[in-house]
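Worksheet: the structure to be examined is printed underneath.
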Amino acid sequence: MAATKKVLGMVLAGGEGKRLMPLTLDRAKPAVPFGGQYRLIDFALSNLINSGLRQIVVLTQYKSHSLDRHISTLWRLSGMLNSYVTSIPAQQRLGKRWYLGSADAILQNLNLVRDERPDYIVVVGADHVYRMDFEQMIEAHIASGAECTVAAIRQPISLANQFGVIDVDPARPTAIREFLEKPSDPTGLPDAPDEVLASMGNYVFTTEALVEAVLADGGNEDSKHDMGGDIVPYFVERGTAGVYDMKDNEVPGSTPRDRYYWRDVGTIESYFDAHQDLISVLPIFNLYNDAWPIYSRQDNMPPAKFTRDARGTLSTVIDSIVSLGSVISGAHIERSVLGARTVVESGALLTDSIVFDHARIAAGATVRRAIIDKNVVVEPGAAIGVEPEADRRRGFVVTDTGITVVGKGVRVTRD
């Protein structure tokens, strides 16, 4: 990145995350734990930091206390060189109203842009799991002369109805001809007819153009004030919108298996599946890439411990991730991810599950295909995920695919 070019990072972290309930009952979606020791926002912030950005604002709104605390205690940079990651709550600067959409969030925080006076602004979501070098995208944006560049990842054309799809001009394959919201019958790419370009929710803007766009959008009463639905089409109509194909992004330390990994974890099913991607022998998403680390908390905790129980029964842990401070005593754990200071006691069976911090799975309990939130206690002999209807009667969320979700602080008793 040219030394004369100044870039501001803006992270949109105000999402309510209704489709992740009850995990978002008491926290913002970007604050939802992931992978044992991370929060979802750590992936966006790590990508920006690894890309060389040093001025980053996080725009929050919905139940943001745990998110604000996470940012303030973990994401501390040296102020000597004006380096910072800072959480900016909704301030109602333009009247007694909250953010009406992602574009309105930027509109209401243009004071931050005026203070920093960047040449370019990188706008990213806070709830996707991926690795990306934004410096390469910024350089491509500058070279193209576009006012707006949208990051896109190739997806099978059969999945096009799940994404915002970018239709490119065959004569100019980096120019956006149209932005299609979940199209049912899209056209494939010129070089890959069975694929489409799906928007990743990441953008690079020339500052003056973005300011002009959000000001115009703010005065449009018919707008939904959405970055993808309103701001990108604004630039498409001007003929100044470009696309950046993730296939051109070279992330240090990536492998052919995880190079183009990107997941929107906005539903319980996609969140669950993303955890399953972590635990294979050759992970589909590799947490162990030291050349492009995912930064998160570094708590002062003891190592995880695996012991026999009082009868001498060994603990068995297969294809799983166990975080710091956890104690496994004579239990069987398979294809699961455990958060910090989790306790799993003698004879307990835990399979295909995600367990958050400070949970306790007591002796003889069974947990199958479940997500267990923070501070949950599963009492001796209790069962979760064995009989879906029984779980529903106890007030737990059970998805159509049979994933049982137990909310924060619940005590699960034996029937």
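Letters for chains follow the order of the structure tokens (A, B, ...), residue numbers begin at 1 for each chain, and ligand numbers begin at 1 in the order shown.
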
I'd like the contact shell of Ile166 (chain A) - 10 Å cut-off, only C-alpha atoms, skipping same-chain residues fewer than 2 positions apart - returned as a list in words.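 With the cut-off at 10 Å, the set is Val150, Ala151, Ala152, Ile153, Ala160, Phe163, Gly164, Val168, Asp169, Ala175, Ile176, Arg177, Glu178, Phe179, Leu180, Glu181, Pro186, Thr187, Leu189, Val196, Leu197, Ala198, Ser199, Gly242 and Val243 of chain A.
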
Just the residues within 9 Å of region 271-284 of chain A, please, counting only C-alpha atoms, with nothing from its chain fewer than 2 positions along; format it as a PyMOL selection string. chain A and resi 20+34-35+129+257-259+261+263-269+286-287+319-321+335-337+352-354+369-371+403

Any idea what's packed within 9 Å of Ala291 (chain A), counting only C-alpha atoms, ignoring anything in its chain fewer than 2 positions away? Could you give it as a list in words?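 Here the answer would be Val251, Pro252, Gly253, Ser254, Tyr288, Asn289 and Pro293 of chain A.
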
List as a PyMOL selection string the protein and nucleic acid residues near Leu349 (chain A), meaning an atom at most 12 Å away when only C-alpha atoms are counted, but skip any in the same chain fewer than 4 places from it. chain A and resi 315-318+328-336+344-345+353+361-369+378+380-386

For the selection you just gave me, I'd like the residues written to a file as a compact mmCIF listing (two decimals), in the first residue's frame, keeping N, CA and C atoms.
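Output below, filename part.txt:
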```txt
# COMPACT_ATOMS: atom_id res chain seq x y z
N SER A 315 -10.04 -40.72 29.92
CA SER A 315 -10.74 -39.76 29.06
C SER A 315 -10.35 -40.03 27.61
N THR A 316 -11.32 -39.95 26.71
CA THR A 316 -11.04 -40.11 25.28
C THR A 316 -11.57 -38.88 24.56
N VAL A 317 -10.70 -38.25 23.79
CA VAL A 317 -11.06 -37.05 23.04
C VAL A 317 -10.63 -37.26 21.60
N ILE A 318 -11.60 -37.25 20.68
CA ILE A 318 -11.36 -37.58 19.28
C ILE A 318 -11.84 -36.44 18.40
N ILE A 328 -11.16 -32.56 31.71
CA ILE A 328 -11.92 -33.70 31.21
C ILE A 328 -11.53 -34.90 32.07
N SER A 329 -12.50 -35.51 32.74
CA SER A 329 -12.19 -36.57 33.69
C SER A 329 -13.02 -37.82 33.37
N GLY A 330 -12.40 -38.78 32.71
CA GLY A 330 -13.07 -40.05 32.43
C GLY A 330 -14.28 -39.93 31.53
N ALA A 331 -14.28 -38.94 30.64
CA ALA A 331 -15.41 -38.71 29.74
C ALA A 331 -15.01 -39.05 28.31
N HIS A 332 -16.01 -39.17 27.42
CA HIS A 332 -15.76 -39.42 26.01
C HIS A 332 -16.24 -38.20 25.22
N ILE A 333 -15.35 -37.60 24.43
CA ILE A 333 -15.67 -36.41 23.64
C ILE A 333 -15.27 -36.67 22.21
N GLU A 334 -16.17 -36.38 21.28
CA GLU A 334 -15.89 -36.66 19.88
C GLU A 334 -16.53 -35.59 19.00
N ARG A 335 -15.75 -35.10 18.01
CA ARG A 335 -16.21 -34.11 17.03
C ARG A 335 -16.88 -32.90 17.72
N SER A 336 -16.21 -32.36 18.71
CA SER A 336 -16.79 -31.26 19.48
C SER A 336 -15.77 -30.15 19.71
N VAL A 344 -15.96 -31.59 32.04
CA VAL A 344 -16.74 -32.74 31.59
C VAL A 344 -16.36 -33.90 32.50
N GLU A 345 -17.35 -34.43 33.21
CA GLU A 345 -17.08 -35.37 34.30
C GLU A 345 -17.21 -36.83 33.87
N SER A 353 -20.85 -31.52 19.18
CA SER A 353 -21.41 -30.41 19.96
C SER A 353 -20.43 -29.25 20.10
N ILE A 361 -20.52 -30.35 32.22
CA ILE A 361 -21.26 -31.54 31.81
C ILE A 361 -20.99 -32.59 32.88
N ALA A 362 -21.98 -32.85 33.73
CA ALA A 362 -21.76 -33.66 34.92
C ALA A 362 -21.70 -35.16 34.59
N ALA A 363 -21.37 -35.94 35.60
CA ALA A 363 -21.15 -37.37 35.45
C ALA A 363 -22.36 -38.06 34.82
N GLY A 364 -22.07 -38.89 33.82
CA GLY A 364 -23.12 -39.69 33.19
C GLY A 364 -24.05 -38.93 32.27
N ALA A 365 -23.83 -37.64 32.05
CA ALA A 365 -24.70 -36.87 31.16
C ALA A 365 -24.38 -37.19 29.70
N THR A 366 -25.36 -36.98 28.83
CA THR A 366 -25.20 -37.22 27.40
C THR A 366 -25.58 -35.94 26.64
N VAL A 367 -24.69 -35.48 25.79
CA VAL A 367 -24.95 -34.30 24.95
C VAL A 367 -24.59 -34.67 23.52
N ARG A 368 -25.59 -34.62 22.64
CA ARG A 368 -25.38 -34.96 21.24
C ARG A 368 -25.92 -33.85 20.34
N ARG A 369 -25.12 -33.47 19.35
CA ARG A 369 -25.54 -32.50 18.32
C ARG A 369 -26.24 -31.29 18.98
N VAL A 378 -25.18 -29.17 32.96
CA VAL A 378 -25.96 -30.37 32.61
C VAL A 378 -25.78 -31.34 33.76
N PRO A 380 -26.03 -34.55 36.52
CA PRO A 380 -25.72 -35.97 36.35
C PRO A 380 -26.86 -36.75 35.71
N GLY A 381 -26.51 -37.51 34.66
CA GLY A 381 -27.48 -38.36 34.00
C GLY A 381 -28.43 -37.66 33.05
N ALA A 382 -28.37 -36.33 32.96
CA ALA A 382 -29.27 -35.59 32.06
C ALA A 382 -28.86 -35.81 30.61
N ALA A 383 -29.82 -35.61 29.70
CA ALA A 383 -29.56 -35.83 28.27
C ALA A 383 -30.04 -34.62 27.46
N ILE A 384 -29.21 -34.22 26.50
CA ILE A 384 -29.55 -33.15 25.56
C ILE A 384 -29.26 -33.67 24.16
N GLY A 385 -30.19 -33.44 23.24
CA GLY A 385 -29.99 -33.86 21.86
C GLY A 385 -30.31 -35.30 21.59
N VAL A 386 -30.85 -36.01 22.57
CA VAL A 386 -31.20 -37.42 22.39
C VAL A 386 -32.63 -37.56 21.89
```

Residues flagged strand (DSSP E) by DSSP in region 59-143 of chain A, as a list in words: Leu59, Thr60, Tyr84, Val85, Thr86, Ser87, Ile88, Pro89, Tyr120, Ile121, Val122, Val123, Val124, Gly125, His128, Val129 and Tyr130 of chain A

Put those residues in a file: C-alpha atoms, as a PDB file, in the first residue's frame.
```
ATOM      1  CA  LEU A  59     -19.849   0.618  14.905  1.00  0.00           C
ATOM      2  CA  THR A  60     -22.025  -1.107  17.527  1.00  0.00           C
ATOM      3  CA  TYR A  84      -6.377   2.158  17.541  1.00  0.00           C
ATOM      4  CA  VAL A  85      -9.325  -0.199  17.411  1.00  0.00           C
ATOM      5  CA  THR A  86     -12.211   1.540  19.098  1.00  0.00           C
ATOM      6  CA  SER A  87     -15.854   0.729  19.657  1.00  0.00           C
ATOM      7  CA  ILE A  88     -18.300   3.476  18.653  1.00  0.00           C
ATOM      8  CA  PRO A  89     -21.830   3.070  20.063  1.00  0.00           C
ATOM      9  CA  TYR A 120      -9.927   5.296   1.294  1.00  0.00           C
ATOM     10  CA  ILE A 121     -12.334   3.505   3.594  1.00  0.00           C
ATOM     11  CA  VAL A 122     -12.579  -0.260   4.040  1.00  0.00           C
ATOM     12  CA  VAL A 123     -16.041  -1.298   5.251  1.00  0.00           C
ATOM     13  CA  VAL A 124     -16.464  -4.870   6.509  1.00  0.00           C
ATOM     14  CA  GLY A 125     -19.039  -6.961   8.326  1.00  0.00           C
ATOM     15  CA  HIS A 128     -18.106 -13.872   8.840  1.00  0.00           C
ATOM     16  CA  VAL A 129     -15.376 -16.498   9.216  1.00  0.00           C
ATOM     17  CA  TYR A 130     -12.574 -16.119   6.641  1.00  0.00           C
TER      18      TYR A 130
END
```

Measuring between only C-alpha atoms, which one of A:Gln92, A:Leu23, A:Val204, A:Tyr295 shows the shortest distance to Arg76 (chain A)? A:Tyr295

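For Thr240 (chain A), the list of residues within 7 Å, based on only C-alpha atoms and with local chain neighbours fewer than 6 positions off taken out, reads Ala146, Glu147 and Cys148 of chain A.
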
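When DSSP is run on the backbone, the residues of region 171-359 of chain A that fall into alpha helix (DSSP H) are Thr207, Glu208, Ala209, Leu210, Val211, Glu212, Ala213, Val214, Leu215, Ala216, Asp217, Gly218, Val232, Pro233, Tyr234, Phe235, Val236, Glu237, Arg238, Ile268, Glu269, Ser270, Tyr271, Phe272, Asp273, Ala274, His275 and Gln276 of chain A.
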
What's around Glu208 (chain A) at 10 Å? Count only C-alpha atoms, leave out sequence neighbours fewer than 2 positions away in its own chain, and write the answer as a ChimeraX atom specification. /A:113,117-121,147,205-206,210-213

Those selected residues, please, written with N, CA, C and O atoms and delivered as a PDB file, in the first residue's frame.
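Output file result-v3.pdb follows:
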```
ATOM      1  N   VAL A 113     -14.951  10.145   9.926  1.00  0.00           N
ATOM      2  CA  VAL A 113     -14.271  10.305   8.635  1.00  0.00           C
ATOM      3  C   VAL A 113     -13.652  11.699   8.546  1.00  0.00           C
ATOM      4  O   VAL A 113     -12.499  11.862   8.116  1.00  0.00           O
ATOM      5  N   ARG A 117      -9.775  11.962   8.018  1.00  0.00           N
ATOM      6  CA  ARG A 117      -9.523  12.394   6.638  1.00  0.00           C
ATOM      7  C   ARG A 117      -8.763  11.339   5.830  1.00  0.00           C
ATOM      8  O   ARG A 117      -7.699  11.612   5.263  1.00  0.00           O
ATOM      9  N   PRO A 118      -9.296  10.110   5.769  1.00  0.00           N
ATOM     10  CA  PRO A 118      -8.624   9.056   4.990  1.00  0.00           C
ATOM     11  C   PRO A 118      -8.825   9.254   3.497  1.00  0.00           C
ATOM     12  O   PRO A 118      -9.786   9.903   3.055  1.00  0.00           O
ATOM     13  N   ASP A 119      -7.939   8.659   2.713  1.00  0.00           N
ATOM     14  CA  ASP A 119      -8.123   8.638   1.263  1.00  0.00           C
ATOM     15  C   ASP A 119      -9.108   7.551   0.853  1.00  0.00           C
ATOM     16  O   ASP A 119      -9.864   7.715  -0.109  1.00  0.00           O
ATOM     17  N   TYR A 120      -9.065   6.435   1.602  1.00  0.00           N
ATOM     18  CA  TYR A 120      -9.927   5.296   1.294  1.00  0.00           C
ATOM     19  C   TYR A 120     -10.519   4.740   2.587  1.00  0.00           C
ATOM     20  O   TYR A 120      -9.931   4.880   3.665  1.00  0.00           O
ATOM     21  N   ILE A 121     -11.669   4.109   2.449  1.00  0.00           N
ATOM     22  CA  ILE A 121     -12.334   3.505   3.594  1.00  0.00           C
ATOM     23  C   ILE A 121     -12.651   2.049   3.263  1.00  0.00           C
ATOM     24  O   ILE A 121     -13.245   1.755   2.217  1.00  0.00           O
ATOM     25  N   GLU A 147     -14.833   3.832  -7.794  1.00  0.00           N
ATOM     26  CA  GLU A 147     -15.178   4.537  -6.556  1.00  0.00           C
ATOM     27  C   GLU A 147     -15.579   3.556  -5.466  1.00  0.00           C
ATOM     28  O   GLU A 147     -15.453   3.845  -4.279  1.00  0.00           O
ATOM     29  N   PHE A 205     -13.928   1.828  -0.548  1.00  0.00           N
ATOM     30  CA  PHE A 205     -14.486   3.028  -1.159  1.00  0.00           C
ATOM     31  C   PHE A 205     -13.442   4.131  -1.215  1.00  0.00           C
ATOM     32  O   PHE A 205     -12.623   4.270  -0.293  1.00  0.00           O
ATOM     33  N   THR A 206     -13.491   4.902  -2.267  1.00  0.00           N
ATOM     34  CA  THR A 206     -12.817   6.182  -2.267  1.00  0.00           C
ATOM     35  C   THR A 206     -13.621   7.108  -1.362  1.00  0.00           C
ATOM     36  O   THR A 206     -14.846   7.202  -1.507  1.00  0.00           O
ATOM     37  N   LEU A 210     -17.827   7.758  -1.135  1.00  0.00           N
ATOM     38  CA  LEU A 210     -18.677   7.137  -0.118  1.00  0.00           C
ATOM     39  C   LEU A 210     -19.455   8.186   0.661  1.00  0.00           C
ATOM     40  O   LEU A 210     -20.650   8.008   0.933  1.00  0.00           O
ATOM     41  N   VAL A 211     -18.806   9.265   1.036  1.00  0.00           N
ATOM     42  CA  VAL A 211     -19.495  10.330   1.770  1.00  0.00           C
ATOM     43  C   VAL A 211     -20.661  10.874   0.937  1.00  0.00           C
ATOM     44  O   VAL A 211     -21.773  11.048   1.433  1.00  0.00           O
ATOM     45  N   GLU A 212     -20.405  11.112  -0.331  1.00  0.00           N
ATOM     46  CA  GLU A 212     -21.459  11.603  -1.218  1.00  0.00           C
ATOM     47  C   GLU A 212     -22.612  10.598  -1.309  1.00  0.00           C
ATOM     48  O   GLU A 212     -23.794  10.980  -1.295  1.00  0.00           O
ATOM     49  N   ALA A 213     -22.281   9.311  -1.373  1.00  0.00           N
ATOM     50  CA  ALA A 213     -23.304   8.273  -1.526  1.00  0.00           C
ATOM     51  C   ALA A 213     -24.190   8.162  -0.290  1.00  0.00           C
ATOM     52  O   ALA A 213     -25.418   8.070  -0.402  1.00  0.00           O
TER      53      ALA A 213
END
```

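Minimum distance to Gly101 (chain A) across A:Leu8, A:Ile41, A:Val214, A:Leu53 (counting only C-alpha atoms) occurs at A:Val214.
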